[in-house]
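One structure is given below, encoded as structure tokens.
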Amino acid sequence: MRSKTILVAFASLFLICSFWTAYGQEKFEREFTMKATEVPGPARAFIDSCSFDKKIKWYKEESQEGISFEAKTKFSGSWYSIEFDTLGNVIDVEIKVKPKQLETKQLNKIKNALSGRFDRFKINKVQGHWEASDTTLLEMIKGGTTPRDYKFAYEVVVRGKKGKEWQAYELLIGPDGTVIRELIIVRRATDNIEF
Amino acid sequence: MKRIGILIVYVLGLTGLNAQHNLTGGILPKINFSEKVSDKIKLVQSIESRQHFFTSEDDDRLRYDYVLTDLTSLASLKIQTNQSVNVGYMIRFRGGQIFHRLIQQYNLVHYADFFRVGHRLATDQTFSNERETQYRIRYRVTIERPLSGAKVDPGEFYVKIGNEYLWEASKSYRDVEIRLVPVFGLEVTQKSKVETGVDYRLSNIAEGRADHALRARMTWYQSF
């Protein structure tokens, strides 16, 4: 009898708590794995001319900015991500780098930019972000450098503290240390990892 | 993944070290509800049952046995974007007896490009009128990877594997238990997930036996 009473009390507490709700603002972005044969021809042709030696993984990405295709692969020890529009035209190239691989001057510019935004921060990921013509980007990928014009920025993922709050952020920082964009990263629920 | 395969072979290989063993089969259905009460605090309630269909102690006969019900209530405090500490209480109803457990946990989640890794360090203390107080310390690592894309989105499947080590002690008893839980999951919505898989436990290792429990695990995670 006593155990039944305890069970009912617990179930009631359980049900009361379960009807509370909470809402949050989230960035819309979805990715789907694709086969290479489903990707527009110009995008496949660009990737073929890069002469990557490892497997290419293709993704279709849907976001508030529209639909795009992305090719991801590892090349010369770094992770590359090349983004294309729906016609297969290249939009940008991102290359993941370790913070210690950056020149001290470059790293200090990033850290100074972050210090201006956060009370405390920890860098989780840095990617070089290039926007240019197909020819220029191909030269960058194959040779590591190009004499042609291109736009460059760092995409940096950090854990940053503002006031008392820690959050995950993604920032786009120009080579001169100017912060171009700052977004809050909304993580998926971790209940199935923690409990 | 190669390391996980080696670990599975190692765990299963431990069974070869012992001549005497028991095998139990059953199911572990669980519902886990969590609800944010502030930016840093959430409450987690769960109900889990353990049901057996087979145990080698019964001369290998199939026999249904409702073993226990666990009701757990935890308060989770986010101390960092990827770290939390949880404290809580569990009440267990088993065989007409009631057990009370106090729970303390620390969680760390690491985000990589194609998967998430969770580390959980926990202690708990179990009290009852009929048995000695039991103390446990446990460590679990969980790896989750999407089956499509670089991250899991609503409507997409994923795989998850958990590996846990438990050290138990009471006045007259010591044991080590190892658990391996591979599951398939579906993110139904951003706030709801269902998982199904296998929960394998190897216990009574310190006593020179190897008791195996292989149960089907089914879990529903719902956030509010």
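In the structure tokens, the first chain shown is A, the next is B, and so on; residue numbers restart at 1 for each chain, and ligands run from 1 in the order shown.
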Please report, as a VMD selection string, each residue of range 15-128 of chain B to which DSSP assigns helix (DSSP H, G or I) when run on this structure's backbone. chain B and resid 15 to 17 56 to 58
Can I get the selected residues back with N, CA, C and O atoms, as a PDB file, in the first residue's frame?
ATOM      1  N   THR B  15      34.500 -13.478 -21.029  1.00  0.00           N
ATOM      2  CA  THR B  15      33.637 -14.605 -20.655  1.00  0.00           C
ATOM      3  C   THR B  15      34.415 -15.910 -20.708  1.00  0.00           C
ATOM      4  O   THR B  15      34.076 -16.859 -20.040  1.00  0.00           O
ATOM      5  N   GLY B  16      35.500 -15.921 -21.514  1.00  0.00           N
ATOM      6  CA  GLY B  16      36.282 -17.155 -21.628  1.00  0.00           C
ATOM      7  C   GLY B  16      37.130 -17.415 -20.403  1.00  0.00           C
ATOM      8  O   GLY B  16      37.682 -18.500 -20.239  1.00  0.00           O
ATOM      9  N   LEU B  17      37.266 -16.387 -19.524  1.00  0.00           N
ATOM     10  CA  LEU B  17      38.107 -16.535 -18.351  1.00  0.00           C
ATOM     11  C   LEU B  17      37.388 -17.256 -17.217  1.00  0.00           C
ATOM     12  O   LEU B  17      37.994 -17.631 -16.241  1.00  0.00           O
ATOM     13  N   SER B  56      19.293 -18.352 -17.403  1.00  0.00           N
ATOM     14  CA  SER B  56      19.875 -19.697 -17.406  1.00  0.00           C
ATOM     15  C   SER B  56      19.776 -20.344 -16.027  1.00  0.00           C
ATOM     16  O   SER B  56      19.928 -21.546 -15.901  1.00  0.00           O
ATOM     17  N   GLU B  57      19.459 -19.564 -15.007  1.00  0.00           N
ATOM     18  CA  GLU B  57      19.283 -20.141 -13.666  1.00  0.00           C
ATOM     19  C   GLU B  57      18.020 -20.983 -13.613  1.00  0.00           C
ATOM     20  O   GLU B  57      17.833 -21.792 -12.715  1.00  0.00           O
ATOM     21  N   ASP B  58      17.096 -20.762 -14.587  1.00  0.00           N
ATOM     22  CA  ASP B  58      15.845 -21.520 -14.618  1.00  0.00           C
ATOM     23  C   ASP B  58      15.930 -22.688 -15.576  1.00  0.00           C
ATOM     24  O   ASP B  58      14.979 -22.955 -16.317  1.00  0.00           O
TER      25      ASP B  58
END
Write out as a list of chain:residue names which residues come within 10 Å of Thr136 in chain A when counting only C-alpha atoms, dropping same-chain ones fewer than 2 positions away.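 Once the nearby chain positions are removed, what remains is A:Trp130, A:Glu131, A:Ala132, A:Ser133, A:Asp134, A:Leu138, A:Glu139, A:Met140, A:Ile141, A:Thr145, A:Thr146, A:Pro147, A:Arg148, A:Asp149, A:Tyr150.
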DSSP says strand (DSSP E) for which residues of range 27-147 of chain B? Put them as a VMD selection string? chain B and resid 27 to 36 41 to 55 62 to 80 83 to 94 97 to 111 116 to 127 134 to 146
Could you list, as an MDAnalysis selection string, the residues of chain B having an atom within 7 Å of chain A when counting only C-alpha atoms? chainID B and resid 33 35:36 45 80:81 107 118 120 142 148:150 153 221 224
Given the choices A:Gln106, A:Ser68, A:Ser63, A:Asn89, which gets closest to Gly174 in chain A if the distance is worked out from only C-alpha atoms? A:Gln106
Separation of CA of Leu23 in chain B and CA of His212 in chain B, in Å?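 So the answer is 4.7 Å.
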Please provide the set of residues having any atom within 9 Å of range 35-45 of chain A, restricted to only C-alpha atoms, with same-chain residues fewer than 3 positions apart removed, written as a PyMOL selection string. chain A and resi 48-50+56-60+69+71+83-90
